[in-house]
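Chemist: Contents are compact mmCIF, C-alpha atoms and all ligand atoms; file name structure-v9.txt:
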# COMPACT_ATOMS: atom_id res chain seq x y z
CA MET Z 4 127.34 160.30 127.56
CA THR Z 5 123.64 161.14 127.36
CA ARG Z 6 121.14 158.31 127.21
CA LEU Z 7 118.20 159.81 125.36
CA TYR Z 8 115.96 156.78 125.98
CA TYR Z 9 116.08 157.52 129.73
CA THR Z 10 113.76 160.49 129.33
CA ASP Z 11 112.15 160.00 125.90
CA ALA Z 12 111.48 156.47 124.69
CA LEU Z 13 109.67 157.79 121.59
CA GLN Z 14 112.76 159.49 120.13
CA THR Z 15 113.90 157.40 117.17
CA THR Z 16 116.44 159.68 115.47
CA PHE Z 17 119.31 161.72 116.88
CA SER Z 18 122.60 163.32 115.96
CA ALA Z 19 125.79 162.40 117.83
CA THR Z 20 129.56 162.65 117.72
CA VAL Z 21 131.73 159.52 117.68
CA THR Z 22 133.96 159.63 120.77
CA HIS Z 23 135.53 156.19 120.46
CA ALA Z 24 135.80 153.57 117.69
CA GLU Z 25 137.81 150.38 117.52
CA PRO Z 26 137.75 147.23 115.38
CA ALA Z 27 136.48 144.03 117.08
CA GLY Z 28 136.78 140.97 114.84
CA THR Z 29 134.62 141.61 111.78
CA ARG Z 30 132.70 144.37 113.65
CA TRP Z 31 133.45 147.77 115.11
CA HIS Z 32 132.78 149.04 118.64
CA VAL Z 33 131.55 152.62 118.64
CA VAL Z 34 130.85 155.00 121.54
CA LEU Z 35 128.95 158.27 121.07
CA ASP Z 36 128.53 161.43 123.16
CA THR Z 37 124.79 160.86 123.12
CA THR Z 38 122.58 157.93 122.07
CA ALA Z 39 118.99 156.76 121.80
CA PHE Z 40 120.08 153.10 121.42
CA TYR Z 41 119.02 150.87 124.29
CA PRO Z 42 121.67 148.33 125.36
CA THR Z 43 120.70 144.79 126.45
CA SER Z 44 119.98 144.96 130.20
CA GLY Z 45 117.31 144.33 132.83
CA GLY Z 46 115.71 141.50 130.84
CA GLN Z 47 115.14 143.71 127.76
CA PRO Z 48 117.07 143.08 124.50
CA HIS Z 49 119.02 145.83 122.71
CA ASP Z 50 117.81 148.05 119.90
CA THR Z 51 118.92 147.71 116.29
CA GLY Z 52 119.10 150.42 113.63
CA THR Z 53 121.69 152.55 111.86
CA LEU Z 54 124.49 154.98 112.71
CA GLY Z 55 125.17 156.92 109.50
CA PRO Z 56 126.07 154.28 106.90
CA ALA Z 57 126.64 151.57 109.55
CA SER Z 58 124.13 148.98 110.76
CA VAL Z 59 123.88 148.52 114.53
CA VAL Z 60 123.81 144.76 115.18
CA ASP Z 61 124.25 144.78 118.96
CA VAL Z 62 124.31 147.29 121.81
CA VAL Z 63 126.00 146.50 125.11
CA ASP Z 64 126.22 148.38 128.40
CA ASP Z 65 129.88 148.57 129.33
CA ALA Z 66 130.77 149.53 132.91
CA ALA Z 67 133.72 151.65 131.79
CA ARG Z 68 132.63 153.00 128.40
CA GLY Z 69 128.85 153.21 128.76
CA VAL Z 70 126.70 152.29 125.76
CA VAL Z 71 128.81 150.47 123.15
CA HIS Z 72 127.32 150.16 119.65
CA VAL Z 73 128.48 147.10 117.72
CA VAL Z 74 128.36 148.11 114.05
CA ASP Z 75 129.21 146.48 110.73
CA ARG Z 76 131.64 149.10 109.41
CA ALA Z 77 134.23 151.63 110.56
CA LEU Z 78 133.25 155.06 111.89
CA THR Z 79 135.79 157.79 112.62
CA VAL Z 80 136.32 159.45 116.00
CA GLY Z 81 135.12 163.05 115.83
CA GLU Z 82 132.64 162.54 113.00
CA THR Z 83 128.98 163.44 113.42
CA VAL Z 84 126.52 160.64 112.67
CA ARG Z 85 122.76 160.44 112.42
CA GLY Z 86 121.37 157.59 114.48
CA GLU Z 87 118.07 155.89 113.75
CA ILE Z 88 116.40 153.25 115.91
CA ALA Z 89 114.51 150.37 114.22
CA TRP Z 90 111.13 151.39 115.61
CA PRO Z 91 109.04 148.19 115.19
CA ARG Z 92 111.49 146.22 117.34
CA ARG Z 93 111.86 149.00 119.93
CA PHE Z 94 108.10 149.59 120.17
CA ASP Z 95 107.52 145.84 120.58
CA HIS Z 96 109.97 145.80 123.49
CA MET Z 97 108.28 148.86 125.01
CA GLN Z 98 104.86 147.20 124.83
CA GLN Z 99 106.13 143.99 126.41
CA HIS Z 100 108.18 145.73 129.09
CA THR Z 101 105.45 148.14 130.16
CA GLY Z 102 102.98 145.25 130.10
CA GLN Z 103 105.29 143.38 132.44
CA HIS Z 104 105.29 146.23 135.00
CA ILE Z 105 101.49 146.31 134.92
CA LEU Z 106 101.07 142.53 135.08
CA SER Z 107 103.58 142.16 137.93
CA ALA Z 108 101.81 144.91 139.85
CA ALA Z 109 98.46 143.22 139.17
CA PHE Z 110 99.74 139.91 140.62
CA ASP Z 111 101.07 141.88 143.59
CA ARG Z 112 97.73 143.60 144.16
CA THR Z 113 95.31 140.74 143.45
CA CYS Z 114 97.10 137.92 145.25
CA GLY Z 115 100.12 139.42 147.01
CA VAL Z 116 102.67 137.48 145.02
CA ARG Z 117 105.90 139.13 143.95
CA THR Z 118 107.72 138.86 140.65
CA GLU Z 119 111.21 137.38 141.03
CA SER Z 120 112.43 137.79 137.46
CA PHE Z 121 111.44 138.85 133.97
CA HIS Z 122 112.55 137.64 130.55
CA LEU Z 123 111.68 139.31 127.26
CA GLY Z 124 112.08 136.66 124.55
CA THR Z 125 111.75 136.91 120.79
CA THR Z 126 108.16 135.61 120.65
CA SER Z 127 106.88 135.70 124.23
CA CYS Z 128 107.77 137.02 127.67
CA THR Z 129 107.82 135.36 131.06
CA ILE Z 130 107.72 136.45 134.68
CA ASP Z 131 108.61 134.10 137.51
CA LEU Z 132 106.35 134.45 140.55
CA ALA Z 133 107.51 133.70 144.12
CA ARG Z 134 104.81 131.10 144.74
CA GLU Z 135 102.47 128.89 142.75
CA VAL Z 136 99.31 130.66 141.63
CA SER Z 137 95.97 129.13 140.60
CA ALA Z 138 94.12 129.58 137.32
CA THR Z 139 91.61 131.78 139.19
CA GLU Z 140 94.38 134.01 140.56
CA ILE Z 141 95.92 134.28 137.09
CA ALA Z 142 92.56 135.29 135.60
CA ALA Z 143 92.10 137.95 138.29
CA ALA Z 144 95.55 139.46 137.65
CA GLU Z 145 95.01 139.38 133.88
CA LYS Z 146 91.66 141.15 134.28
CA MET Z 147 93.09 143.89 136.51
CA ALA Z 148 96.13 144.40 134.26
CA ASN Z 149 93.94 144.94 131.18
CA ALA Z 150 91.64 147.32 133.06
CA VAL Z 151 94.73 149.45 133.80
CA VAL Z 152 95.74 149.27 130.12
CA TRP Z 153 92.31 150.44 128.97
CA GLU Z 154 92.20 153.27 131.50
CA ASP Z 155 95.16 154.68 129.52
CA ARG Z 156 97.04 155.89 132.58
CA PRO Z 157 100.16 158.04 132.10
CA VAL Z 158 103.49 156.23 132.56
CA SER Z 159 106.10 158.74 133.70
CA VAL Z 160 109.81 158.62 134.43
CA ARG Z 161 111.38 160.31 137.45
CA PHE Z 162 114.65 160.13 139.29
CA ALA Z 163 115.30 159.78 143.01
CA ASP Z 164 118.35 159.14 145.21
CA ASP Z 165 118.34 155.92 147.22
CA ALA Z 166 117.40 157.70 150.49
CA GLU Z 167 114.37 159.28 148.80
CA ALA Z 168 113.51 156.01 147.05
CA ALA Z 169 113.55 154.19 150.41
CA ARG Z 170 110.59 156.36 151.48
CA LEU Z 171 108.61 155.68 148.31
CA PRO Z 172 106.19 152.75 147.91
CA LEU Z 173 108.32 150.81 145.40
CA ARG Z 174 106.83 147.44 144.40
CA LYS Z 175 110.26 145.85 144.79
CA GLU Z 176 113.22 147.31 146.67
CA SER Z 177 116.11 148.18 144.36
CA LEU Z 178 119.58 146.77 144.89
CA ARG Z 179 121.14 149.77 143.15
CA THR Z 180 122.63 152.72 145.00
CA GLY Z 181 122.90 156.33 143.87
CA ILE Z 182 120.31 157.89 141.58
CA LEU Z 183 117.46 155.54 140.72
CA ARG Z 184 115.27 155.80 137.63
CA LEU Z 185 111.67 155.22 138.60
CA ILE Z 186 108.83 154.17 136.29
CA ASP Z 187 105.51 155.43 137.57
CA VAL Z 188 102.31 153.86 136.23
CA THR Z 189 99.98 156.47 137.68
CA ASP Z 190 98.38 155.33 140.95
CA PHE Z 191 99.19 151.70 140.18
CA ASP Z 192 102.89 150.84 140.12
CA LEU Z 193 106.21 152.43 141.01
CA SER Z 194 109.34 150.47 140.09
CA ALA Z 195 113.02 151.20 139.62
CA CYS Z 196 113.90 150.27 136.03
CA GLY Z 197 116.32 151.30 133.30
CA GLY Z 198 114.26 149.98 130.38
CA THR Z 199 112.12 151.65 127.74
CA HIS Z 200 108.36 152.01 128.32
CA VAL Z 201 105.36 153.46 126.51
CA PRO Z 202 104.23 156.91 127.82
CA SER Z 203 100.67 155.75 128.57
CA THR Z 204 99.26 152.33 129.39
CA GLY Z 205 96.83 152.36 126.44
CA MET Z 206 99.77 151.89 124.07
CA VAL Z 207 100.31 148.41 125.54
CA GLY Z 208 97.06 147.48 123.78
CA ILE Z 209 96.33 144.23 125.59
CA ILE Z 210 98.07 141.90 128.04
CA ALA Z 211 97.26 138.24 127.37
CA ILE Z 212 98.43 135.27 129.44
CA ALA Z 213 99.71 132.65 126.98
CA GLY Z 214 100.42 129.87 129.49
CA TRP Z 215 101.87 128.98 132.86
CA GLU Z 216 103.82 126.20 134.56
CA ARG Z 217 105.32 125.30 137.92
CA PHE Z 218 108.84 126.68 138.17
CA LYS Z 219 111.32 126.50 141.08
CA GLY Z 220 108.61 126.36 143.74
CA GLY Z 221 106.68 129.21 142.10
CA SER Z 222 104.94 129.82 138.79
CA ARG Z 223 106.37 130.86 135.43
CA ILE Z 224 103.79 132.99 133.62
CA GLU Z 225 104.09 133.42 129.86
CA PHE Z 226 102.39 136.48 128.41
CA VAL Z 227 102.16 138.53 125.21
CA CYS Z 228 101.31 142.22 124.87
CA GLY Z 229 100.07 144.47 122.05
CA GLY Z 230 101.34 143.40 118.62
CA ARG Z 231 102.51 140.04 119.94
CA ALA Z 232 99.05 139.35 121.36
CA LEU Z 233 97.54 140.04 117.92
CA ALA Z 234 100.13 137.77 116.22
CA SER Z 235 99.40 135.07 118.80
CA HIS Z 236 95.65 135.44 118.21
CA GLN Z 237 96.20 135.11 114.43
CA ARG Z 238 98.25 131.91 114.85
CA LEU Z 239 95.66 130.39 117.19
CA ARG Z 240 92.82 131.41 114.85
CA ASP Z 241 94.53 129.75 111.86
CA CYS Z 242 95.17 126.62 113.93
CA VAL Z 243 91.56 126.44 115.20
CA THR Z 244 90.17 127.14 111.71
CA ALA Z 245 92.18 124.23 110.28
CA LEU Z 246 91.01 121.91 113.09
CA VAL Z 247 87.37 122.99 112.69
CA ARG Z 248 87.61 122.23 108.96
CA GLN Z 249 89.07 118.78 109.65
CA THR Z 250 86.71 117.78 112.45
CA THR Z 251 83.57 119.58 111.23
CA VAL Z 252 82.63 120.65 114.76
CA ALA Z 253 82.43 124.18 116.19
CA ALA Z 254 85.56 125.64 117.81
CA HIS Z 255 84.24 125.26 121.35
CA GLU Z 256 83.52 121.54 120.67
CA LEU Z 257 87.07 120.72 119.50
CA ALA Z 258 88.33 119.24 122.77
CA GLY Z 259 85.37 116.84 122.94
CA ALA Z 260 85.79 115.92 119.26
CA VAL Z 261 89.48 115.08 119.71
CA GLU Z 262 88.68 113.02 122.79
CA ARG Z 263 86.07 111.04 120.81
CA LEU Z 264 88.56 110.51 117.97
CA GLN Z 265 91.12 109.15 120.43
CA THR Z 266 88.56 106.80 121.98
CA ASP Z 267 87.43 105.62 118.52
CA ASN Z 268 91.07 105.07 117.54
CA ARG Z 269 91.80 102.98 120.64
CA THR Z 270 88.68 100.87 120.02
CA ALA Z 271 89.59 100.40 116.34
CA ASN Z 272 93.14 99.36 117.26
CA LYS Z 273 91.82 96.78 119.72
CA THR Z 274 89.49 95.39 117.06
CA ILE Z 275 92.31 95.26 114.50
CA ARG Z 276 94.55 93.40 116.97
CA ALA Z 277 91.83 90.87 117.76
CA LEU Z 278 91.13 90.30 114.05
CA GLN Z 279 94.86 90.02 113.28
CA GLU Z 280 95.22 87.36 115.97
CA GLU Z 281 92.28 85.40 114.55
CA LEU Z 282 93.67 85.80 111.05
CA ALA Z 283 97.16 84.80 112.26
CA ALA Z 284 95.79 81.58 113.78
CA SER Z 285 93.89 80.79 110.58
CA ILE Z 286 96.88 81.53 108.27
CA ALA Z 287 99.20 79.60 110.61
CA THR Z 288 97.07 76.46 110.31
CA GLY Z 289 97.42 76.54 106.51
CA LEU Z 290 101.14 77.35 106.56
CA ALA Z 291 101.95 74.71 109.21
CA ALA Z 292 100.18 72.02 107.15
CA SER Z 293 102.51 72.72 104.22
CA ALA Z 294 105.67 73.37 106.31
CA GLU Z 295 108.90 72.16 104.70
CA ASP Z 296 110.49 69.20 106.50
CA VAL Z 297 114.24 69.82 106.96
CA GLY Z 298 115.02 66.83 109.18
CA LEU Z 299 115.10 68.02 112.81
CA PHE Z 300 112.04 70.24 112.37
CA ARG Z 301 109.56 71.58 109.84
CA ARG Z 302 110.17 75.20 108.77
CA VAL Z 303 107.88 78.01 107.63
CA ILE Z 304 109.69 81.00 106.07
CA VAL Z 305 107.19 83.63 105.04
CA SER Z 306 106.67 87.33 104.40
CA GLN Z 307 103.39 89.02 105.36
CA PRO Z 308 103.38 92.43 103.55
CA GLY Z 309 101.83 95.33 105.51
CA TRP Z 310 101.88 93.57 108.89
CA ASP Z 311 103.62 95.33 111.74
CA ALA Z 312 105.90 93.73 114.33
CA VAL Z 313 103.02 93.03 116.77
CA ALA Z 314 100.95 91.24 114.11
CA LEU Z 315 103.99 89.29 112.88
CA LYS Z 316 104.66 88.18 116.45
CA ALA Z 317 101.08 86.90 116.69
CA LEU Z 318 101.57 84.93 113.46
CA ALA Z 319 104.95 83.48 114.55
CA SER Z 320 103.46 82.46 117.92
CA ALA Z 321 100.46 80.86 116.20
CA LEU Z 322 102.82 78.90 113.92
CA ALA Z 323 104.92 77.78 116.90
CA ALA Z 324 101.77 76.38 118.51
CA HIS Z 325 102.01 73.62 115.89
CA PRO Z 326 104.37 70.83 117.09
CA GLY Z 327 107.67 70.52 115.23
CA VAL Z 328 107.50 73.95 113.56
CA VAL Z 329 110.16 76.66 113.32
CA ALA Z 330 108.75 79.94 111.90
CA VAL Z 331 110.63 82.85 110.35
CA VAL Z 332 108.22 85.68 109.48
CA THR Z 333 108.94 89.11 108.09
CA GLY Z 334 106.93 92.12 106.85
CA THR Z 335 107.41 95.26 104.77
CA GLY Z 336 109.75 98.15 105.40
CA THR Z 337 113.43 99.01 105.47
CA PRO Z 338 114.59 97.65 107.77
CA ALA Z 339 111.97 94.90 107.67
CA PRO Z 340 110.57 93.56 110.94
CA LEU Z 341 111.54 89.95 111.72
CA VAL Z 342 110.13 87.40 114.17
CA VAL Z 343 111.45 83.87 114.75
CA ALA Z 344 109.57 81.35 116.91
CA ARG Z 345 109.80 77.59 117.53
CA ALA Z 346 107.48 74.93 118.86
CA THR Z 347 108.27 73.78 122.42
CA ASN Z 348 109.26 70.29 121.26
CA VAL Z 349 111.99 71.54 118.87
CA ALA Z 350 115.67 71.98 119.80
CA PHE Z 351 116.22 75.30 118.02
CA ASP Z 352 117.42 78.68 119.36
CA ALA Z 353 115.24 81.47 117.91
CA GLY Z 354 117.32 84.13 119.71
CA ALA Z 355 120.55 82.87 118.11
CA CYS Z 356 118.79 82.70 114.74
CA VAL Z 357 117.69 86.37 114.91
CA LYS Z 358 121.21 87.38 115.97
CA GLN Z 359 122.68 85.46 113.02
CA ILE Z 360 120.28 87.05 110.51
CA THR Z 361 120.59 90.60 111.84
CA SER Z 362 124.39 90.51 112.13
CA ALA Z 363 124.69 89.10 108.59
CA LEU Z 364 122.23 91.60 107.03
CA GLY Z 365 122.98 94.68 109.16
CA GLY Z 366 120.22 95.07 111.70
CA ARG Z 367 119.54 94.47 115.35
CA GLY Z 368 117.45 92.16 117.48
CA GLY Z 369 117.41 89.20 119.87
CA GLY Z 370 115.26 87.34 122.34
CA ARG Z 371 114.63 83.99 123.98
CA PRO Z 372 115.26 80.53 122.47
CA GLU Z 373 111.52 80.07 121.87
CA LEU Z 374 110.74 83.56 120.50
CA ALA Z 375 112.91 86.42 119.26
CA GLN Z 376 112.48 89.52 117.11
CA GLY Z 377 114.40 92.24 115.37
CA ALA Z 378 114.69 94.20 112.13
CA ALA Z 379 117.11 94.05 109.22
CA ALA Z 380 117.64 94.84 105.52
CA ASP Z 381 114.40 94.05 103.67
CA ALA Z 382 111.97 91.13 103.43
CA ASP Z 383 113.55 89.55 100.32
CA GLN Z 384 117.04 89.41 101.85
CA ILE Z 385 115.66 88.01 105.12
CA LEU Z 386 113.72 85.28 103.26
CA ALA Z 387 116.74 84.34 101.11
CA PHE Z 388 119.12 84.24 104.09
CA ALA Z 389 116.68 82.21 106.21
CA ARG Z 390 116.17 79.61 103.44
CA GLU Z 391 119.95 79.06 103.43
CA SER Z 392 120.58 79.10 107.18
CA VAL Z 393 117.49 77.81 109.01
CA ARG Z 394 117.85 74.04 108.74
ZN ZN V 401 110.80 148.48 133.07
When written as structure tokens, how does the structure in this file appear?
Modeler:
Amino acid sequence: MTRLYYTDALQTTFSATVTHAEPAGTRWHVVLDTTAFYPTSGGQPHDTGTLGPASVVDVVDDAARGVVHVVDRALTVGETVRGEIAWPRRFDHMQQHTGQHILSAAFDRTCGVRTESFHLGTTSCTIDLAREVSATEIAAAEKMANAVVWEDRPVSVRFADDAEAARLPLRKESLRTGILRLIDVTDFDLSACGGTHVPSTGMVGIIAIAGWERFKGGSRIEFVCGGRALASHQRLRDCVTALVRQTTVAAHELAGAVERLQTDNRTANKTIRALQEELAASIATGLAASAEDVGLFRRVIVSQPGWDAVALKALASALAAHPGVVAVVTGTGTPAPLVVARATNVAFDAGACVKQITSALGGRGGGRPELAQGAAADADQILAFARESVR
């Protein structure tokens, strides 16, 4: 079986004879005498496209049968089919894969760090480097890689047996034996690889580092090449444009603007908390004065719409500062927040009270005898239940 992509990655159409075809679930497995379809291998995903009337949905490299095309309908052994590769997907893979060779070689040359593995994902690609690299080292490798792209150096394919390959300056020794396929980025990188690559580095367009992180004692570098770099730039531009519109500062001032917003927000929250506590103390004084006497204690059962759990806790605590008071306070929401507190001189279990309310109304919560909190149902149901049970 001839693999056309081995020698010509730009060939998108071909004619072939079906040598094997068998049903596999709802699909068919088809083998041809010759193919331009690249099967998933070496970190690069498979091609898609058509074989005559059939759509190619997957391509796998089978040790026994070679390239197996997974198609959506039956083809007959012996028939001649026209194959066509979906070019945008293939070209994208070629840009990313060639970019990876160049970037790995650039890391090798600028800071002597080798690439352990490569992954070509649907939106970005990663290489894993053998040791951690700094931002400065990454910038140096990125700069060198793009210089090689813009020099538009030829990328050629040649074959060598393992003895011959052992004498060549391969970036990474190959584990394969027999005939090796070598990808030669002129005067820059020589690597054994079975993937598809562009014929000259200029076709990669650009190699942009998208991010990096520590990974297994080394660094994982995320990068995008060519069309993906443009798509990434467009997404970032739209994001920055929206932020600039919202913050009314220039793009380069965004980080500072967000930091100021966060500081302002923290300050405002502190002020709100302080005011809520003052307000809670003031409201509590009024409510405690008119608390309903139920014999063993005086109760305050109240809803404070719009207050969150923290503010309600401040109010309940302020109420419990008044001798003889048991306070049940709730706010808005479903479930509604609930805080129960009691003055130190009252024999009442706030924790048990919260448990009783939340188990009766379907919620959760608990706490200490003097102060407990939870959430359940809504404010009206909590108020009604508390008026019946807290006595
Ligand atoms: Zn390759």
Chemist: Report the distance between atom CA of Ile186 of chain Z and atom ZN of ligand ZN 401 (chain V) in Å, rounded to one decimal place.
Modeler: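 It comes out at 6.8 Å.
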Chemist: Which one of Z:Ala150, Z:Val328, Z:Leu386, Z:Ala323 sits closest to Leu341 of chain Z if you count only C-alpha atoms?
Modeler: Z:Leu386
Chemist: Could you check which of Z:Ser293, Z:Thr125, Z:Ser159, Z:Thr139 is closest to ligand ZN 401 (chain V), using all atoms listed in the file?
Modeler: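 Using all atoms listed in the file, the shortest distance to ligand ZN 401 (chain V) belongs to Z:Ser159.
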Chemist: Residues within 7 Å of ligand ZN 401 (chain V), counting all atoms listed in the file: report them as a PyMOL selection string.
Modeler: chain Z and resi 100-101+104+186+196-200
Chemist: What does the distance from atom CA of Ala133 of chain Z to atom CA of Val188 of chain Z come to in Å, to one decimal?
Modeler: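 It comes out at 22.3 Å.
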Chemist: Just to confirm, what's the straight-line distance from atom CA of Gln249 of chain Z to atom CA of Ala232 of chain Z in Å (one decimal)?
Modeler: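 Pair atom CA of Gln249 of chain Z / atom CA of Ala232 of chain Z returns 25.7 Å.
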Chemist: Rank Z:Lys316, Z:Arg248, Z:Lys175, Z:Arg367 by their smallest atom-to-atom distance to Thr333 of chain Z, using all atoms listed in the file, and report the top residue only.
Modeler: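 Using all atoms listed in the file, Thr333 of chain Z sits closest to Z:Lys316.
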Chemist: Name the residues in contact with Phe110 of chain Z at a cut-off of 12 Å, using all atoms listed in the file, excluding same-chain residues fewer than 3 positions from it; report them as an MDAnalysis selection string.
Modeler: chainID Z and resid 103:107 113:119 130:137 139:148 174 191:192 222 224
Chemist: Taking (100.4, 75.5, 111.2) in the coordinates of the supplied file, I want to know which residues reach to within 9 Å of it, counting all atoms listed in the file; could you give the answer as a ChimeraX atom specification?
Modeler: /Z:284-294,303,321-326,328
Chemist: Find, counting all atoms listed in the file, the residue in Z:Ser127, Z:Ser58, Z:Thr335, Z:Thr20 that gets nearest to Val305 of chain Z.
Modeler: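 Answer, going by the shortest atom-to-atom distance: Z:Thr335.
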Chemist: Please provide the set of residues having any atom within 9 Å of Ile360 of chain Z, restricted to all atoms listed in the file, with same-chain residues fewer than 4 positions apart removed, written as a VMD selection string.
Modeler: chain Z and resid 355 to 356 364 to 367 379 385 388 to 389 392
Chemist: From the set Z:Ala375, Z:Ala319, Z:Ala19, Z:Val393, which residue has the shortest atom-to-atom contact distance to Arg301 of chain Z, counting all atoms listed in the file?
Modeler: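 Under the stated criterion, the closest residue is Z:Val393.
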Chemist: How would you write as a PyMOL selection string the residues that get within 7 Å of (110.8, 86.0, 118.6) in the file's frame, counting all atoms listed in the file?
Modeler: chain Z and resi 316+342-344+353-354+370-371+373-376
Chemist: Distance table requested - segment 39-89 of chain Z against segment 23-30 of chain Z, cut-off 6 Å, all atoms listed in the file: one row per qualifying residue with the closest atom pair and its distance in Å to one decimal, ordered by chain and rising residue number, as JSON lines.
Modeler:
{"residue": "Z:Val74", "atom": "CA", "partner": "Z:Arg30", "partner_atom": "CA", "distance": 5.7}
{"residue": "Z:Asp75", "atom": "CA", "partner": "Z:Arg30", "partner_atom": "CA", "distance": 5.0}
{"residue": "Z:Val80", "atom": "CA", "partner": "Z:His23", "partner_atom": "CA", "distance": 5.6}
Chemist: Using only C-alpha atoms, please write the residues we just selected to a file, as a PDB file, keeping the file's coordinate frame.
Modeler:
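After the write, out-v2.pdb holds the following:
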ATOM      1  CA  VAL Z  74     128.360 148.110 114.050  1.00  0.00           C
ATOM      2  CA  ASP Z  75     129.210 146.480 110.730  1.00  0.00           C
ATOM      3  CA  VAL Z  80     136.320 159.450 116.000  1.00  0.00           C
TER       4      VAL Z  80
END
Chemist: Can you pull out the residues contacting Pro157 of chain Z? Cut-off 9 Å, using all atoms listed in the file, and skip same-chain residues under 5 positions away; I want them as a PyMOL selection string.
Modeler: chain Z and resi 187-189+201-205
Chemist: With C-alpha atoms retained, could you export that selection as a PDB file, in the frame of the given file?
Modeler:
ATOM      1  CA  ASP Z 187     105.510 155.430 137.570  1.00  0.00           C
ATOM      2  CA  VAL Z 188     102.310 153.860 136.230  1.00  0.00           C
ATOM      3  CA  THR Z 189      99.980 156.470 137.680  1.00  0.00           C
ATOM      4  CA  VAL Z 201     105.360 153.460 126.510  1.00  0.00           C
ATOM      5  CA  PRO Z 202     104.230 156.910 127.820  1.00  0.00           C
ATOM      6  CA  SER Z 203     100.670 155.750 128.570  1.00  0.00           C
ATOM      7  CA  THR Z 204      99.260 152.330 129.390  1.00  0.00           C
ATOM      8  CA  GLY Z 205      96.830 152.360 126.440  1.00  0.00           C
TER       9      GLY Z 205
END
Chemist: Pick from Z:Val34, Z:Leu257, Z:Ala109, Z:Leu246: nearest to Ala67 of chain Z, with all atoms listed in the file counted?
Modeler: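 Of Z:Val34, Z:Leu257, Z:Ala109, Z:Leu246, the one nearest Ala67 of chain Z, counting all atoms listed in the file, is Z:Val34.
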Chemist: Excluding Ala195 of chain Z and residues on its chain fewer than 6 positions from it, collect all residues at most 12 Å away from it, counting only C-alpha atoms, and give them as a list in words.
Modeler: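 Surrounding residues, per the criterion: Gly45, His104, Ser159, Val160, Arg161, Phe162, Ala163, Asp164, Asp165, Ala168, Ala169, Leu171, Pro172, Leu173, Arg174, Lys175, Glu176, Ser177, Leu178, Arg179, Thr180, Gly181, Ile182, Leu183, Arg184, Leu185, Ile186, Asp187 and Val188 of chain Z.
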